[in-house]
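Visitor: One structure is given below, represented as structure tokens, and several questions about it will come after.
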Protein chains: 2
Amino acid sequence: MSSRCEQCIIRQLNSLGELTKDELLRISGCKTSQYVKKGEVLFEEGQYINGVFCVKDGVCKVTKMSTNGRDQIVKLIKKGDLIGERSLISEEASNLKATAINDMEVCFIPKEEIVKDLKSNNNFTMSILKDLATSLKEADNVIVDMAQKTVKQRLAETLLHLKKNYQVSEDKPLDIQLSREDIANIIGTATESAIRLLSSFKKEKLISLKGKEIYILDPQTLQQIAEGF
Amino acid sequence: MSSRCEQCIIRQLNSLGELTKDELLRISGCKTSQYVKKGEVLFEEGQYINGVFCVKDGVCKVTKMSTNGRDQIVKLIKKGDLIGERSLISEEASNLKATAINDMEVCFIPKEEIVKDLKSNNNFTMSILKDLATSLKEADNVIVDMAQKTVKQRLAETLLHLKKNYQVSEDKPLDIQLSREDIANIIGTATESAIRLLSSFKKEKLISLKGKEIYILDPQTLQQIAEGF
DNA sequence: GATAAAACATGATAATTATCAGCTTTTTTA
DNA sequence: TAAAAAAGCTGATAATTATCATGTTTTATC
């Protein structure tokens with residue numbers, strides 16, 4: 001493997017696209033590539049990552065353990081996304097854990113290289129800044145949803161969110177295989193509650209379920225449920 | 001009013017402290033100062049702020065309206081904090097509303113000036129970047145709490161958080177006057193539920209209440225409750 | 001391919017939380 | 001300072017959600 005960053009199309013999907021040809025050549029020389037199998041952990045909560053991952057393919061869940069002992073999925077990361085920038089910038093251990101949801105291909109760029117570019121390439125820094133600003137806005141939205149919406153509303157919202165990000169074409173199922181427990185850990189409820197609500201959505205023909213495959217049949221009604229009607 | 005930024009000690013509390021003397025002189029010449037009375041709105045959700053507020057004194061709540069029609073307090077902003085950077089960086093209207101909780105004194109710095117310094121002063125940009133990274137981590141923690149903890153746990157957690165940030169000295173009440181509705185909107189519950197839980201905490205001698213004044217009597221037990229014991 | 005383990009599913013019940021109603025106290029306003 | 005409005009409080013009840021128990025289906029492993 002170990003392809004060249006300058007020729008990698010993935011970088012156009014994130015802040016690395018702001019780097020100059022010379023900078024990319026330098027990164028290319030020190031980055032490492034790796035495959036991560038479904039279920040494997042990219043990094044643990046509390047671990048010093050010492051760099052940034054660039055996701056070339058696959059999806060991973062980013063979780064945090066509550067003091068109650070239950071995992072919460074904070075976000076899903078997919079092809080083109082970076083992970084690890086936040087901890088790198090704060091110069092601290094990761095506050096989150098990342099686990100592959102399907103087989104992944106990722107590149108790892110050591111901390112020093114990223115820091116070098118953050119100091120010298122303002123376009124790159126501003127791009128990372130914008131990413132964090134967007135993440136913060138999304139996190140605020142999630143806080144409001146978690147605090148104010150019912151589990152049913154949150155499930156409807158989550159399904160629409162998944163449709164937006166993981167549905168390749170109409171009439172195709174969502175291109176992400178989440179267990180019922182994963183879904184419960186996204187919306188913040190017990191697995192049984194998530195299963196029950198999925199069943200009721202299926203009964204109302206809002207979705208259809210074939211094993212782990214989810215088809216979104218009626219996004220309009222799901223939207224109304226999500227908004228509280 | 002209209003004091004000089006170069007001489008203002010508040011700037012040492014936030015990223016503006018990274019600006020050079022020349023930059024501060026420039027900012028000083030274009031900033032405006034204003035008093036905001038308790039209950040007044042600094043900016044609305046959806047409004048273009050076109051700049052950044054630097055809080056010289058007082059506290060404000062930053063809220064977002066849920067589609068359910070209820071306000072959620074996303075965070076509290078106090079002396080030394082900046083507000084508005086996130087929207088400025090994303091170049092979009094504010095996703096949040098800010099309302100003064102007591103009388104405030106704030107400075108407003110126009111967008112162009114901040115952008116100028118973000119482009120030319122890397123220390124300033126990195127400081128803002130670190131702020132956003134910290135905010136994002138805190139937001140992730142709130143998401144997990146909202147999703148996984150009970151209302152009782154969240155109230156205990158909130159009281160400890162308030163103690164940490166607003167208790168000037170032992171045996172003094174929290175130096176922030178929140179209505180019962182505000183407290184409910186922080187923890188994401190109905191006002192009646194918040195009142196009931198406060199009463200029960202009072203009965204158990206974990207806190208004492210005199211009107212809106214809150215005394216934290218037993219932080220250890222509150223900590224245990226927050227963590228689920 | 002048989003067996004074990006994990007994931008999925010559903011019912012019964014308990015716990016948590018929201019809602020509504022009515023009352024008291026505090027704050028605001030004229 | 002009196003009246004009105006807002007905030008605070010409590011009880012009763014309904015709705016939501018969690019937990020436990022148990023059985024089925026799917027997946028993994030030898």
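The way I read the labels, and the way they are meant: chains A, B, ... in the order of the structure tokens, residue 1 as the first residue of every chain, and ligand 1 as the first ligand shown, with later ones counted on from there.
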I need the contact residues of chain C against chain B, so if you could list those with any atom within 10 Å, counting only C-alpha atoms (C1' of nucleotides), and return them as a count of residues only, that would help.

Guide: 5

Visitor: Give the residues of chain D that lie within 10 Å of chain A; count only C-alpha atoms (C1' of nucleotides), and format the answer as a list in words.

Guide: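 Per the criterion, chain D yields DT16, DT17, DA18, DT19 and DT26 of chain D.
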
Visitor: Can you tell me, as a list in words, what residues are no more than 9 Å from Leu209 (chain B) when counting only C-alpha atoms (C1' of nucleotides), ignoring any on the same chain fewer than 3 positions away?

Guide: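 The contact residues come out as Pro173, Leu198, Ser199, Lys202, Lys212, Glu213, Ile214 and Tyr215 of chain B.
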
Visitor: Expressed in Å to a single decimal, how great is the separation between CA of Glu157 (chain B) and CA of Ala139 (chain B)?

Guide: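 These atoms are spaced 14.3 Å apart.
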
Visitor: Compute the set of chain B residues within 8 Å of chain A, using only C-alpha atoms, and express it as a ChimeraX atom specification.

Guide: /B:64-68,70,72,74,86-87,89-90,95,119,122,125,129-130,132-137,139-140,142-149,187-189,227-228

Visitor: Take C1' of DA12 (chain C) and C1' of DG23 (chain D) and report the distance between them in Å, one decimal.

Guide: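 Interatomic distance, C1' of DA12 (chain C) to C1' of DG23 (chain D): 14.3 Å.
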
Visitor: Hey, what does DSSP flag as strand (DSSP E or B) within region 17-222 of chain B? Can you give it to me as a VMD selection string?

Guide: chain B and resid 32 to 36 41 to 43 51 to 57 60 to 65 71 to 77 82 to 83 97 to 100 104 to 110 207 to 210 213 to 216

Visitor: Distance CA of Ser28 (chain A)-CA of Arg4 (chain A), one decimal place?

Guide: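 CA of Arg4 (chain A) lies 5.6 Å from CA of Ser28 (chain A).
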
Visitor: For the helix (DSSP H, G or I) assignment from backbone DSSP, which residues of region 9-143 of chain B qualify? Please present them as a JSON list (two decimals) with N, CA and C atoms, in the first residue's frame.

Guide:
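Printed below is result19.json as written:
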```
[["chain", "number", "residue", "atom", "x", "y", "z"],
["B", 9, "ILE", "N", -7.40, 44.26, 31.56],
["B", 9, "ILE", "CA", -6.90, 42.99, 32.09],
["B", 9, "ILE", "C", -7.72, 41.80, 31.61],
["B", 10, "ILE", "N", -8.97, 42.07, 31.20],
["B", 10, "ILE", "CA", -9.85, 40.98, 30.75],
["B", 10, "ILE", "C", -9.23, 40.18, 29.61],
["B", 11, "ARG", "N", -8.52, 40.86, 28.72],
["B", 11, "ARG", "CA", -7.98, 40.17, 27.54],
["B", 11, "ARG", "C", -7.03, 39.04, 27.91],
["B", 12, "GLN", "N", -6.42, 39.15, 29.11],
["B", 12, "GLN", "CA", -5.52, 38.09, 29.54],
["B", 12, "GLN", "C", -6.28, 36.79, 29.82],
["B", 13, "LEU", "N", -7.60, 36.91, 29.96],
["B", 13, "LEU", "CA", -8.41, 35.73, 30.27],
["B", 13, "LEU", "C", -8.82, 34.95, 29.01],
["B", 15, "SER", "N", -8.34, 34.58, 24.33],
["B", 15, "SER", "CA", -7.40, 34.57, 23.20],
["B", 15, "SER", "C", -6.90, 35.95, 22.81],
["B", 16, "LEU", "N", -7.64, 36.98, 23.15],
["B", 16, "LEU", "CA", -7.20, 38.34, 22.81],
["B", 16, "LEU", "C", -5.86, 38.67, 23.47],
["B", 17, "GLY", "N", -5.55, 37.91, 24.52],
["B", 17, "GLY", "CA", -4.25, 38.09, 25.18],
["B", 17, "GLY", "C", -3.07, 37.73, 24.30],
["B", 18, "GLU", "N", -3.35, 37.02, 23.20],
["B", 18, "GLU", "CA", -2.28, 36.64, 22.27],
["B", 18, "GLU", "C", -1.97, 37.74, 21.27],
["B", 21, "LYS", "N", 0.76, 44.38, 20.86],
["B", 21, "LYS", "CA", 0.38, 45.74, 21.26],
["B", 21, "LYS", "C", -0.23, 46.51, 20.09],
["B", 22, "ASP", "N", 0.38, 46.39, 18.93],
["B", 22, "ASP", "CA", -0.13, 47.09, 17.75],
["B", 22, "ASP", "C", -1.53, 46.61, 17.38],
["B", 23, "GLU", "N", -1.69, 45.30, 17.42],
["B", 23, "GLU", "CA", -3.00, 44.74, 17.06],
["B", 23, "GLU", "C", -4.07, 45.21, 18.05],
["B", 24, "LEU", "N", -3.68, 45.24, 19.33],
["B", 24, "LEU", "CA", -4.64, 45.68, 20.35],
["B", 24, "LEU", "C", -5.01, 47.15, 20.15],
["B", 25, "LEU", "N", -4.04, 47.96, 19.78],
["B", 25, "LEU", "CA", -4.32, 49.37, 19.52],
["B", 25, "LEU", "C", -5.34, 49.52, 18.39],
["B", 26, "ARG", "N", -5.15, 48.68, 17.37],
["B", 26, "ARG", "CA", -6.07, 48.74, 16.22],
["B", 26, "ARG", "C", -7.48, 48.33, 16.67],
["B", 27, "ILE", "N", -7.56, 47.21, 17.42],
["B", 27, "ILE", "CA", -8.85, 46.72, 17.92],
["B", 27, "ILE", "C", -9.50, 47.79, 18.80],
["B", 28, "SER", "N", -8.70, 48.40, 19.65],
["B", 28, "SER", "CA", -9.19, 49.41, 20.56],
["B", 28, "SER", "C", -9.91, 50.54, 19.82],
["B", 29, "GLY", "N", -9.37, 50.86, 18.65],
["B", 29, "GLY", "CA", -9.92, 51.97, 17.89],
["B", 29, "GLY", "C", -11.26, 51.68, 17.24],
["B", 30, "CYS", "N", -11.62, 50.40, 17.10],
["B", 30, "CYS", "CA", -12.85, 50.10, 16.38],
["B", 30, "CYS", "C", -13.86, 49.33, 17.23],
["B", 85, "GLU", "N", -17.40, 33.65, 18.33],
["B", 85, "GLU", "CA", -16.30, 33.20, 17.46],
["B", 85, "GLU", "C", -16.75, 32.07, 16.54],
["B", 86, "ARG", "N", -17.53, 31.14, 17.09],
["B", 86, "ARG", "CA", -17.91, 29.97, 16.30],
["B", 86, "ARG", "C", -18.64, 30.36, 15.02],
["B", 87, "SER", "N", -19.66, 31.18, 15.16],
["B", 87, "SER", "CA", -20.44, 31.61, 13.99],
["B", 87, "SER", "C", -19.58, 32.42, 13.04],
["B", 88, "LEU", "N", -18.70, 33.25, 13.62],
["B", 88, "LEU", "CA", -17.81, 34.07, 12.79],
["B", 88, "LEU", "C", -16.93, 33.19, 11.92],
["B", 89, "ILE", "N", -16.37, 32.15, 12.52],
["B", 89, "ILE", "CA", -15.47, 31.27, 11.79],
["B", 89, "ILE", "C", -16.22, 30.49, 10.70],
["B", 90, "SER", "N", -17.43, 30.06, 11.03],
["B", 90, "SER", "CA", -18.23, 29.32, 10.05],
["B", 90, "SER", "C", -18.85, 30.24, 9.01],
["B", 111, "LYS", "N", -16.20, 41.85, 13.01],
["B", 111, "LYS", "CA", -15.71, 40.65, 12.33],
["B", 111, "LYS", "C", -14.40, 40.86, 11.56],
["B", 112, "GLU", "N", -14.35, 41.92, 10.76],
["B", 112, "GLU", "CA", -13.18, 42.14, 9.89],
["B", 112, "GLU", "C", -11.87, 42.19, 10.68],
["B", 113, "GLU", "N", -11.96, 42.80, 11.85],
["B", 113, "GLU", "CA", -10.75, 42.95, 12.66],
["B", 113, "GLU", "C", -10.28, 41.59, 13.18],
["B", 114, "ILE", "N", -11.23, 40.79, 13.61],
["B", 114, "ILE", "CA", -10.89, 39.45, 14.10],
["B", 114, "ILE", "C", -10.31, 38.61, 12.97],
["B", 115, "VAL", "N", -10.98, 38.68, 11.81],
["B", 115, "VAL", "CA", -10.52, 37.91, 10.65],
["B", 115, "VAL", "C", -9.10, 38.31, 10.27],
["B", 116, "LYS", "N", -8.83, 39.62, 10.30],
["B", 116, "LYS", "CA", -7.50, 40.12, 9.98],
["B", 116, "LYS", "C", -6.44, 39.45, 10.86],
["B", 117, "ASP", "N", -6.72, 39.41, 12.16],
["B", 117, "ASP", "CA", -5.75, 38.83, 13.10],
["B", 117, "ASP", "C", -5.68, 37.31, 12.97],
["B", 118, "LEU", "N", -6.80, 36.68, 12.64],
["B", 118, "LEU", "CA", -6.79, 35.23, 12.45],
["B", 118, "LEU", "C", -5.87, 34.86, 11.28],
["B", 119, "LYS", "N", -5.79, 35.76, 10.29],
["B", 119, "LYS", "CA", -4.97, 35.48, 9.11],
["B", 119, "LYS", "C", -3.50, 35.77, 9.34],
["B", 120, "SER", "N", -3.23, 36.70, 10.25],
["B", 120, "SER", "CA", -1.82, 37.13, 10.36],
["B", 120, "SER", "C", -1.12, 36.73, 11.66],
["B", 122, "ASN", "N", -0.55, 33.85, 14.12],
["B", 122, "ASN", "CA", -0.73, 32.41, 14.33],
["B", 122, "ASN", "C", -0.98, 32.07, 15.80],
["B", 123, "ASN", "N", -0.37, 32.80, 16.71],
["B", 123, "ASN", "CA", -0.60, 32.53, 18.13],
["B", 123, "ASN", "C", -2.07, 32.75, 18.49],
["B", 124, "PHE", "N", -2.62, 33.82, 17.95],
["B", 124, "PHE", "CA", -4.03, 34.12, 18.18],
["B", 124, "PHE", "C", -4.92, 33.02, 17.61],
["B", 125, "THR", "N", -4.65, 32.64, 16.37],
["B", 125, "THR", "CA", -5.43, 31.59, 15.72],
["B", 125, "THR", "C", -5.35, 30.28, 16.49],
["B", 126, "MET", "N", -4.15, 29.92, 16.92],
["B", 126, "MET", "CA", -3.98, 28.67, 17.67],
["B", 126, "MET", "C", -4.73, 28.73, 19.00],
["B", 127, "SER", "N", -4.76, 29.90, 19.60],
["B", 127, "SER", "CA", -5.46, 30.04, 20.87],
["B", 127, "SER", "C", -6.97, 29.86, 20.69],
["B", 128, "ILE", "N", -7.50, 30.45, 19.62],
["B", 128, "ILE", "CA", -8.92, 30.27, 19.31],
["B", 128, "ILE", "C", -9.19, 28.79, 19.00],
["B", 129, "LEU", "N", -8.28, 28.20, 18.27],
["B", 129, "LEU", "CA", -8.41, 26.78, 17.92],
["B", 129, "LEU", "C", -8.46, 25.92, 19.19],
["B", 130, "LYS", "N", -7.60, 26.24, 20.14],
["B", 130, "LYS", "CA", -7.61, 25.49, 21.40],
["B", 130, "LYS", "C", -8.91, 25.70, 22.17],
["B", 131, "ASP", "N", -9.42, 26.93, 22.13],
["B", 131, "ASP", "CA", -10.70, 27.20, 22.79],
["B", 131, "ASP", "C", -11.81, 26.33, 22.20],
["B", 132, "LEU", "N", -11.87, 26.30, 20.88],
["B", 132, "LEU", "CA", -12.91, 25.51, 20.22],
["B", 132, "LEU", "C", -12.74, 24.03, 20.55],
["B", 133, "ALA", "N", -11.49, 23.58, 20.59],
["B", 133, "ALA", "CA", -11.22, 22.16, 20.91],
["B", 133, "ALA", "C", -11.72, 21.85, 22.32],
["B", 134, "THR", "N", -11.48, 22.76, 23.25],
["B", 134, "THR", "CA", -11.96, 22.57, 24.62],
["B", 134, "THR", "C", -13.49, 22.58, 24.67],
["B", 135, "SER", "N", -14.09, 23.52, 23.97],
["B", 135, "SER", "CA", -15.56, 23.58, 23.94],
["B", 135, "SER", "C", -16.14, 22.31, 23.37],
["B", 136, "LEU", "N", -15.48, 21.77, 22.36],
["B", 136, "LEU", "CA", -15.99, 20.55, 21.72],
["B", 136, "LEU", "C", -15.90, 19.37, 22.68],
["B", 137, "LYS", "N", -14.83, 19.30, 23.44],
["B", 137, "LYS", "CA", -14.70, 18.23, 24.42],
["B", 137, "LYS", "C", -15.79, 18.34, 25.47],
["B", 138, "GLU", "N", -16.00, 19.55, 25.95],
["B", 138, "GLU", "CA", -17.05, 19.75, 26.96],
["B", 138, "GLU", "C", -18.42, 19.41, 26.40],
["B", 139, "ALA", "N", -18.64, 19.78, 25.14],
["B", 139, "ALA", "CA", -19.93, 19.46, 24.51],
["B", 139, "ALA", "C", -20.13, 17.95, 24.42],
["B", 140, "ASP", "N", -19.07, 17.23, 24.09],
["B", 140, "ASP", "CA", -19.16, 15.76, 24.05],
["B", 140, "ASP", "C", -19.54, 15.20, 25.42],
["B", 141, "ASN", "N", -18.95, 15.76, 26.45],
["B", 141, "ASN", "CA", -19.29, 15.31, 27.80],
["B", 141, "ASN", "C", -20.76, 15.56, 28.12],
["B", 142, "VAL", "N", -21.25, 16.72, 27.71],
["B", 142, "VAL", "CA", -22.66, 17.04, 27.96],
["B", 142, "VAL", "C", -23.56, 16.08, 27.20],
["B", 143, "ILE", "N", -23.19, 15.76, 25.97],
["B", 143, "ILE", "CA", -23.99, 14.81, 25.18],
["B", 143, "ILE", "C", -24.13, 13.49, 25.94]]
```

Visitor: List the neighbours of DT24 (chain C) out to 12 Å using only C-alpha atoms (C1' of nucleotides); skip same-chain residues closer than 3 positions along the sequence, and give me the result as a list in words.

Guide: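 Neighbouring residues, sequence-local ones excluded: DA7, DG8, DC9 and DT10 of chain D.
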
Visitor: Please save N, CA, C and O atoms (P, O5', C5', C4', C3', O3' and C1' of nucleotides) of the selected residues as an mmCIF file, in the first residue's frame.

Guide:
```
data_model
loop_
_atom_site.group_PDB
_atom_site.id
_atom_site.type_symbol
_atom_site.label_atom_id
_atom_site.label_comp_id
_atom_site.auth_asym_id
_atom_site.auth_seq_id
_atom_site.Cartn_x
_atom_site.Cartn_y
_atom_site.Cartn_z
ATOM 1 P P DA D 7 -41.043 34.629 35.118
ATOM 2 O "O5'" DA D 7 -40.900 33.926 36.543
ATOM 3 C "C5'" DA D 7 -40.370 34.687 37.618
ATOM 4 C "C4'" DA D 7 -40.526 33.884 38.884
ATOM 5 C "C3'" DA D 7 -39.982 32.455 38.793
ATOM 6 O "O3'" DA D 7 -39.017 32.313 39.819
ATOM 7 C "C1'" DA D 7 -42.149 32.489 39.753
ATOM 8 P P DG D 8 -38.266 30.920 40.071
ATOM 9 O "O5'" DG D 8 -39.183 30.261 41.188
ATOM 10 C "C5'" DG D 8 -39.302 30.904 42.454
ATOM 11 C "C4'" DG D 8 -40.237 30.111 43.322
ATOM 12 C "C3'" DG D 8 -39.860 28.630 43.493
ATOM 13 O "O3'" DG D 8 -39.741 28.378 44.883
ATOM 14 C "C1'" DG D 8 -42.150 28.871 42.979
ATOM 15 P P DC D 9 -39.143 27.001 45.414
ATOM 16 O "O5'" DC D 9 -40.454 26.117 45.605
ATOM 17 C "C5'" DC D 9 -41.382 26.490 46.621
ATOM 18 C "C4'" DC D 9 -42.633 25.650 46.491
ATOM 19 C "C3'" DC D 9 -42.435 24.132 46.520
ATOM 20 O "O3'" DC D 9 -42.775 23.697 47.823
ATOM 21 C "C1'" DC D 9 -44.187 24.837 45.037
ATOM 22 P P DT D 10 -42.524 22.210 48.286
ATOM 23 O "O5'" DT D 10 -43.868 21.470 47.857
ATOM 24 C "C5'" DT D 10 -45.108 21.916 48.403
ATOM 25 C "C4'" DT D 10 -46.226 21.077 47.833
ATOM 26 C "C3'" DT D 10 -45.939 19.576 47.735
ATOM 27 O "O3'" DT D 10 -46.916 18.904 48.495
ATOM 28 C "C1'" DT D 10 -46.876 20.392 45.717
#
```

Visitor: Which one is closest to DT28 (chain C): D:DT1, D:DT29, D:DA6, D:DA12? Count only C-alpha atoms (C1' of nucleotides).

Guide: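 Closest residue, counting only C-alpha atoms (C1' of nucleotides): D:DA6.
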
Visitor: Within 12 Å of DA7 (chain C), counting only C-alpha atoms (C1' of nucleotides), which residues qualify if same-chain residues fewer than 2 places away don't, as a list in words?

Guide: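 The contact residues come out as Leu178, Ser179, Arg180, Glu181, Asp182, Thr191, Glu192, Ile195, Gly211 and Lys212 of chain A; DA5 and DA9 of chain C; DT24, DT25, DT26, DT27 and DA28 of chain D.
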